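Here is my_file15.cif, consisting of mmCIF, C-alpha atoms:
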data_upload
loop_
_atom_site.label_atom_id
_atom_site.label_comp_id
_atom_site.auth_asym_id
_atom_site.auth_seq_id
_atom_site.Cartn_x
_atom_site.Cartn_y
_atom_site.Cartn_z
CA MET A 185 89.36 131.62 -50.24
CA GLY A 186 89.06 128.66 -52.59
CA ARG A 187 85.65 127.40 -53.65
CA ARG A 188 84.27 124.49 -51.61
CA LEU A 189 83.61 121.58 -53.92
CA GLY A 190 81.07 119.47 -52.05
CA GLY A 191 77.50 120.40 -52.97
CA SER A 192 78.54 122.94 -55.61
CA SER A 193 76.90 122.76 -59.04
CA TRP A 194 79.00 122.10 -62.13
CA PRO A 195 77.25 123.02 -65.43
CA VAL A 196 78.04 120.47 -68.14
CA VAL A 197 76.72 119.17 -71.44
CA VAL A 198 76.07 115.47 -71.98
CA SER A 199 76.38 113.73 -75.34
CA THR A 200 75.58 110.13 -76.26
CA VAL A 201 77.65 108.64 -79.09
CA ARG A 202 77.00 105.32 -80.82
CA LEU A 203 79.83 103.42 -82.50
CA GLY A 204 78.57 100.13 -83.86
CA PRO A 205 77.20 98.12 -80.91
CA HIS A 206 78.74 100.51 -78.38
CA ARG A 207 77.09 103.55 -76.81
CA TYR A 208 79.16 106.10 -74.89
CA ARG A 209 78.03 108.93 -72.62
CA VAL A 210 80.42 111.89 -72.68
CA VAL A 211 80.30 114.74 -70.15
CA ARG A 212 82.18 117.97 -70.76
CA PRO A 213 81.99 121.47 -69.23
CA ALA A 214 79.27 123.76 -70.54
CA GLN A 215 81.97 126.39 -70.96
CA ALA A 216 85.50 125.40 -71.94
CA PRO A 217 88.26 126.63 -69.59
CA ALA A 218 89.67 130.05 -70.41
CA PHE A 219 93.07 129.52 -68.75
CA ALA A 220 94.72 126.12 -69.01
CA SER A 221 97.63 124.34 -70.65
CA LEU A 222 98.20 120.59 -70.63
CA TYR A 223 101.16 119.30 -72.61
CA GLU A 224 103.51 116.36 -72.80
CA GLY A 225 106.63 116.60 -70.69
CA ARG A 226 109.84 114.65 -70.32
CA LEU A 227 108.50 112.62 -67.37
CA GLY A 228 104.79 112.65 -68.18
CA ALA A 229 102.56 115.70 -68.56
CA GLN A 230 102.52 119.28 -67.28
CA PHE A 231 99.23 121.01 -66.47
CA CYS A 232 99.08 124.77 -65.79
CA LEU A 233 95.75 126.03 -64.47
CA ASP A 234 93.98 128.76 -62.55
CA GLN A 235 91.28 128.60 -59.87
CA GLU A 236 88.36 128.03 -62.24
CA THR A 237 90.15 125.26 -64.12
CA ALA A 238 91.31 123.69 -60.84
CA VAL A 239 87.67 123.50 -59.71
CA MET A 240 86.69 122.04 -63.09
CA LEU A 241 89.44 119.41 -62.82
CA ALA A 242 88.32 118.47 -59.30
CA GLN A 243 84.68 118.05 -60.35
CA ALA A 244 85.74 115.99 -63.37
CA TRP A 245 87.98 113.83 -61.17
CA GLY A 246 85.25 113.11 -58.63
CA LEU A 247 82.74 112.32 -61.37
CA ALA A 248 85.09 109.93 -63.20
CA ALA A 249 85.68 107.98 -59.97
CA ARG A 250 81.96 107.62 -59.21
CA SER A 251 80.45 107.21 -62.69
CA PRO A 252 81.77 103.99 -64.30
CA HIS A 253 79.76 104.48 -67.52
CA THR A 254 80.83 108.05 -68.28
CA ILE A 255 83.69 109.56 -70.29
CA VAL A 256 84.66 112.92 -68.78
CA HIS A 257 86.23 115.28 -71.32
CA LEU A 258 88.02 118.57 -70.58
CA PRO A 259 88.68 120.39 -73.91
CA LEU A 260 91.80 122.17 -72.70
CA ARG A 261 93.28 122.90 -76.13
CA ARG A 262 90.67 125.64 -76.64
CA ALA A 263 92.10 127.68 -73.78
CA LYS A 264 94.42 130.62 -74.37
CA LEU A 265 97.61 131.06 -72.34
CA PRO A 266 100.48 133.53 -72.23
CA THR A 267 103.43 132.13 -74.16
CA HIS A 268 105.46 131.48 -71.00
CA HIS A 269 102.84 128.88 -70.00
CA ALA A 270 102.78 127.08 -73.37
CA TRP A 271 105.34 124.40 -74.13
CA GLY A 272 105.21 121.33 -76.36
CA ARG A 273 102.14 119.73 -77.92
CA PRO A 274 98.87 120.87 -76.28
CA LEU A 275 96.56 118.13 -75.05
CA ASP A 276 92.96 117.71 -73.99
CA LEU A 277 92.18 115.53 -70.95
CA VAL A 278 89.85 112.53 -70.73
CA LEU A 279 89.10 110.72 -67.45
CA LEU A 280 87.21 107.42 -67.37
CA HIS A 281 86.49 104.42 -65.17
CA HIS A 282 88.18 101.17 -66.18
CA ARG A 283 84.85 99.28 -66.09
CA LEU A 284 83.89 101.07 -69.29
CA ALA A 285 86.68 99.12 -71.10
CA PHE A 286 87.10 102.02 -73.50
CA PRO A 287 90.05 101.79 -75.95
CA PRO A 288 91.79 105.22 -76.15
CA SER A 289 92.27 104.63 -79.88
CA ARG A 290 88.48 105.04 -80.24
CA TRP A 291 88.45 108.53 -78.71
CA LYS A 292 88.99 110.42 -81.98
CA GLN A 293 85.84 108.85 -83.48
CA VAL A 294 83.79 109.56 -80.37
CA ARG A 295 84.95 113.18 -80.15
CA SER A 296 84.04 113.84 -83.78
CA ARG A 297 80.41 112.82 -83.07
CA LEU A 298 79.74 114.71 -79.83
CA GLY A 299 77.43 117.36 -81.26
CA ALA A 300 75.99 120.13 -79.08
CA GLY A 301 74.92 117.83 -76.24
CA ARG A 302 72.20 118.54 -73.68
CA PRO A 303 72.63 120.77 -70.61
CA HIS A 304 72.96 119.14 -67.22
CA ARG A 305 74.35 119.93 -63.75
CA VAL A 306 76.66 117.71 -61.69
CA VAL A 307 76.58 117.96 -57.88
CA LEU A 308 79.00 115.79 -55.91
CA PRO A 309 79.14 115.29 -52.13
CA GLY A 310 82.07 116.48 -50.04
CA ASP A 311 83.38 112.92 -49.60
CA ALA A 312 84.03 112.61 -53.36
CA TRP A 313 87.64 113.66 -52.64
CA PRO A 314 88.78 111.47 -49.71
CA ALA A 315 92.20 111.69 -48.09
CA PRO A 316 93.95 108.28 -48.27
CA SER A 317 95.70 106.97 -45.19
CA THR A 318 99.46 106.51 -45.00
CA ALA A 319 98.93 102.73 -45.12
CA GLU A 320 96.96 103.04 -48.37
CA HIS A 321 99.77 105.03 -49.96
CA GLU A 322 102.31 102.45 -48.79
CA ARG A 323 100.35 99.67 -50.53
CA THR A 324 100.72 101.42 -53.88
CA ARG A 325 104.46 100.65 -53.79
CA HIS A 326 103.98 96.87 -53.72
CA ARG A 327 104.45 94.82 -56.87
CA GLU A 328 101.00 93.22 -56.54
CA PHE A 329 99.19 96.58 -56.36
CA ARG A 330 96.90 97.00 -59.39
CA ASP A 331 94.82 100.14 -58.70
CA HIS A 332 97.07 102.59 -60.51
CA LEU A 333 95.93 105.06 -63.17
CA ARG A 334 96.65 103.84 -66.68
CA TRP A 335 97.58 106.52 -69.20
CA ASP A 336 97.68 106.87 -72.96
CA VAL A 337 98.00 109.75 -75.40
CA ALA A 338 95.56 109.48 -78.32
CA ALA A 339 94.20 112.10 -80.75
CA ASP A 340 95.97 114.97 -78.91
CA THR A 341 94.42 113.84 -75.63
CA LEU A 342 95.83 112.49 -72.37
CA VAL A 343 93.52 109.61 -71.43
CA LEU A 344 93.57 108.54 -67.77
CA THR A 345 91.77 105.29 -66.93
CA GLY A 346 91.36 103.75 -63.50
CA SER A 347 89.18 102.22 -60.84
CA ARG A 348 87.34 104.34 -58.28
CA ARG A 349 90.12 103.55 -55.83
CA ALA A 350 92.80 104.65 -58.31
CA PHE A 351 91.15 108.05 -58.75
CA GLU A 352 90.44 108.45 -55.05
CA LEU A 353 94.05 107.76 -54.06
CA GLU A 354 94.94 111.03 -55.85
CA ALA A 355 91.70 112.93 -55.17
CA ASP A 356 92.80 114.80 -52.05
CA GLN A 357 95.64 116.44 -53.96
CA ILE A 358 93.14 117.60 -56.57
CA ARG A 359 90.84 118.95 -53.85
CA ILE A 360 93.68 120.90 -52.21
CA LEU A 361 94.59 122.42 -55.57
CA ALA A 362 91.05 123.78 -55.99
CA GLU A 363 90.12 124.63 -52.40
CA GLU A 364 93.34 125.69 -50.69
CA CYS A 365 95.81 126.90 -53.32
CA PRO A 366 93.96 130.16 -54.14
CA ALA A 367 94.17 131.39 -50.52
CA HIS A 368 97.76 130.19 -50.18
CA ARG A 369 98.83 131.99 -53.35
CA ALA A 370 97.01 135.14 -52.19
CA ARG A 371 99.11 135.12 -49.00
CA VAL A 372 102.37 134.09 -50.69
CA PRO A 373 102.15 135.08 -54.39
CA GLU A 374 105.47 133.54 -55.41
CA SER A 375 104.85 130.14 -53.79
CA HIS A 376 104.62 126.91 -55.77
CA CYS A 377 101.28 125.11 -55.37
CA CYS A 378 100.76 121.87 -57.26
CA ALA A 379 99.42 118.31 -57.35
CA GLU A 380 101.72 115.48 -58.42
CA ILE A 381 99.56 112.68 -59.80
CA GLY A 382 101.16 109.30 -60.39
CA MET A 383 100.40 107.67 -63.75
CA GLY A 384 101.20 104.04 -64.44
CA ARG A 385 102.85 101.66 -62.01
CA THR A 386 105.52 102.95 -59.66
CA TRP A 387 109.03 103.29 -61.08
CA ARG A 388 110.13 100.24 -59.07
CA HIS A 389 107.71 98.00 -60.97
CA SER A 390 107.22 99.97 -64.21
CA ASP A 391 106.27 98.24 -67.45
CA ARG A 392 107.26 99.05 -71.02
CA ARG A 393 103.79 99.75 -72.39
CA ARG A 394 102.74 102.15 -69.63
CA PRO A 395 105.90 103.28 -67.84
CA SER A 396 105.79 105.19 -64.60
CA ALA A 397 105.02 108.88 -65.26
CA GLN A 398 103.57 111.90 -63.52
CA LEU A 399 100.90 114.50 -64.19
CA HIS A 400 102.22 117.70 -62.61
CA ALA A 401 99.26 120.07 -62.15
CA GLU A 402 100.50 123.54 -61.15
CA TYR A 403 98.35 126.41 -59.92
CA SER A 404 99.67 129.20 -62.14
CA ARG A 405 97.65 132.30 -61.21
#
How does the structure come out when it is put into C-alpha cells?
Amino acid sequence: MGRRLGGSSWPVVVSTVRLGPHRYRVVRPAQAPAFASLYEGRLGAQFCLDQETAVMLAQAWGLAARSPHTIVHLPLRRAKLPTHHAWGRPLDLVLLHHRLAFPPSRWKQVRSRLGAGRPHRVVLPGDAWPAPSTAEHERTRHREFRDHLRWDVAADTLVLTGSRRAFELEADQIRILAEECPAHRARVPESHCCAEIGMGRTWRHSDRRRPSAQLHAEYSR
C-alpha cells in the first residue's frame, strides 16, 4: 500500500535568506532523496522517482500551493541512480507560489546562502491534493485561462511557479503517484505509472518565452 499523505509528518529544514531588501524562507527535506532523477527532456522534463521521493514530491506540492511566502526546494541532484535512469543534465526542483514574485535568476544566490537551517515538521490535511472536475480541466484549454504553471530552468534547477489553483489542478495526479502507484506496481511490476504535469500555457496558445511543456514524473521502482 502507498502511504496516505493527509496528516502525515514531513521532516524538513527551514532557512531564511536575506538578499538586499528581500527575505526568503526556503523549506527543503531534512534528508535529501536517495533515489531520484530529474533532467531536461525534448518536450520538457523527465522525473524518475520511487515511493519515498513520490511522497516527498506530494508534500512539497501541497505546501507550495498553500504557502505563498515559501520557496520549496527538493535537492534531487544529490540522489544516486542506476545509469539506465540517468539521462541529460540533472536538475533540482523548486516550487513556489506566484505571489512571492521571485525571479528564478535569483535562485543561485539564495541557494548559496541556505546554511544548515532549523528543523521543522510539515503536516498537511487530506484536502491539500484535490481532484479537479472535468469542467475545471476544460477551462484550462481556453485562451483567457491564466492559472497555468510557469517554468524556468536556472542554476541547474527546474523552477515551477504558480497560483494555488495552478498547483491544485495537477495535485491529484501527484497524490495518485504517491498513494496508489506503489500498490499498483506491486500487483503489476511491469506497468507504467506516472503523472503528466502541464507546464506553461497549452500548446494551442503557447508563447515563445514559456512554451507549452510537460513534467513527466514516472514511478520507477
- Item | Selection near Pro259 (chain A), 9 Å with all atoms listed in the file, sequence-local residues under 4 positions removed, as a ChimeraX atom specification | /A:212-213,216-217,263,275-278,341
- Message: What does the structure give for the distance between CA of Glu364 (chain A) and CA of Tyr223 (chain A), in Å to one decimal?
- Response: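 Rounded to one decimal, the two atoms are 24.1 Å apart.
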- Message: Using all atoms listed in the file, can you tell me which of A:His253, A:Arg297, A:Arg290, A:Arg369 comes closest to Arg348 (chain A)?
- Response: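 Once distances to Arg348 (chain A) are computed over all atoms listed in the file, the minimum belongs to A:His253.
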Within 6 Å of region 239-251 of chain A, which residues of region 321-384 of chain A show up? Give each one with its shortest atom-to-atom distance in Å (one decimal) and the two atoms involved, counting only C-alpha atoms, rows by chain then rising residue number, as a Markdown table.
| residue | atom | partner | partner_atom | distance |
| --- | --- | --- | --- | --- |
| A:Arg348 | CA | A:Ala249 | CA | 4.3 |
| A:Phe351 | CA | A:Ala249 | CA | 5.6 |
| A:Ile358 | CA | A:Ala242 | CA | 5.6 |
| A:Ala362 | CA | A:Val239 | CA | 5.0 |
- Task: Give me, please, the distance in Å between CA of Pro288 (chain A) and CA of Asp331 (chain A), quoted to one decimal.
- Result: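 Atom-to-atom, CA of Pro288 (chain A) to CA of Asp331 (chain A), that is 18.4 Å.
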- Enumerate, as an MDAnalysis selection string, the residues matched when the PyMOL selection byres ((chain A and resi 381-383) around 10) is run on the file above. chainID A and resid 228:229 332:336 344:346 350:351 353:355 357:358 378:380 384:387 394:401
Please fill the gaps in region 188-203 of chain A so it has N, CA, C and O atoms, and write that as a short mmCIF file (atom, residue, chain, number, x, y, z; two decimals), in the coordinates of the input.
data_model
loop_
_atom_site.label_atom_id
_atom_site.label_comp_id
_atom_site.auth_asym_id
_atom_site.auth_seq_id
_atom_site.Cartn_x
_atom_site.Cartn_y
_atom_site.Cartn_z
N ARG A 188 84.53 125.82 -52.17
CA ARG A 188 84.27 124.49 -51.61
C ARG A 188 83.57 123.63 -52.65
O ARG A 188 82.59 124.03 -53.27
N LEU A 189 84.07 122.42 -52.82
CA LEU A 189 83.61 121.58 -53.92
C LEU A 189 82.32 120.83 -53.61
O LEU A 189 81.44 120.72 -54.45
N GLY A 190 82.23 120.27 -52.39
CA GLY A 190 81.07 119.47 -52.05
C GLY A 190 79.79 120.26 -52.12
O GLY A 190 79.67 121.33 -51.52
N GLY A 191 78.80 119.75 -52.86
CA GLY A 191 77.50 120.40 -52.97
C GLY A 191 77.43 121.51 -54.00
O GLY A 191 76.34 122.02 -54.29
N SER A 192 78.57 121.89 -54.59
CA SER A 192 78.54 122.94 -55.61
C SER A 192 78.07 122.36 -56.95
O SER A 192 78.25 121.18 -57.23
N SER A 193 77.48 123.20 -57.76
CA SER A 193 76.90 122.76 -59.04
C SER A 193 77.88 123.02 -60.18
O SER A 193 78.40 124.13 -60.33
N TRP A 194 78.11 121.99 -60.98
CA TRP A 194 79.00 122.10 -62.13
C TRP A 194 78.17 122.00 -63.41
O TRP A 194 77.65 120.93 -63.73
N PRO A 195 78.01 123.08 -64.18
CA PRO A 195 77.25 123.02 -65.43
C PRO A 195 78.03 122.28 -66.52
O PRO A 195 79.18 122.62 -66.81
N VAL A 196 77.40 121.29 -67.10
CA VAL A 196 78.04 120.47 -68.14
C VAL A 196 77.07 120.26 -69.28
O VAL A 196 75.89 120.64 -69.22
N VAL A 197 77.58 119.69 -70.37
CA VAL A 197 76.72 119.17 -71.44
C VAL A 197 77.01 117.69 -71.57
O VAL A 197 78.14 117.23 -71.40
N VAL A 198 75.97 116.93 -71.89
CA VAL A 198 76.07 115.47 -71.98
C VAL A 198 75.73 115.05 -73.40
O VAL A 198 74.69 115.44 -73.95
N SER A 199 76.60 114.25 -73.99
CA SER A 199 76.38 113.73 -75.34
C SER A 199 76.39 112.20 -75.29
O SER A 199 77.13 111.60 -74.50
N THR A 200 75.58 111.59 -76.12
CA THR A 200 75.58 110.13 -76.26
C THR A 200 76.02 109.80 -77.69
O THR A 200 75.44 110.29 -78.66
N VAL A 201 77.06 108.98 -77.79
CA VAL A 201 77.65 108.64 -79.09
C VAL A 201 77.54 107.13 -79.29
O VAL A 201 77.93 106.35 -78.41
N ARG A 202 77.08 106.74 -80.46
CA ARG A 202 77.00 105.32 -80.82
C ARG A 202 78.09 105.00 -81.83
O ARG A 202 78.21 105.68 -82.86
N LEU A 203 78.85 103.94 -81.55
CA LEU A 203 79.83 103.42 -82.50
C LEU A 203 79.56 101.92 -82.63
O LEU A 203 79.91 101.14 -81.73
#
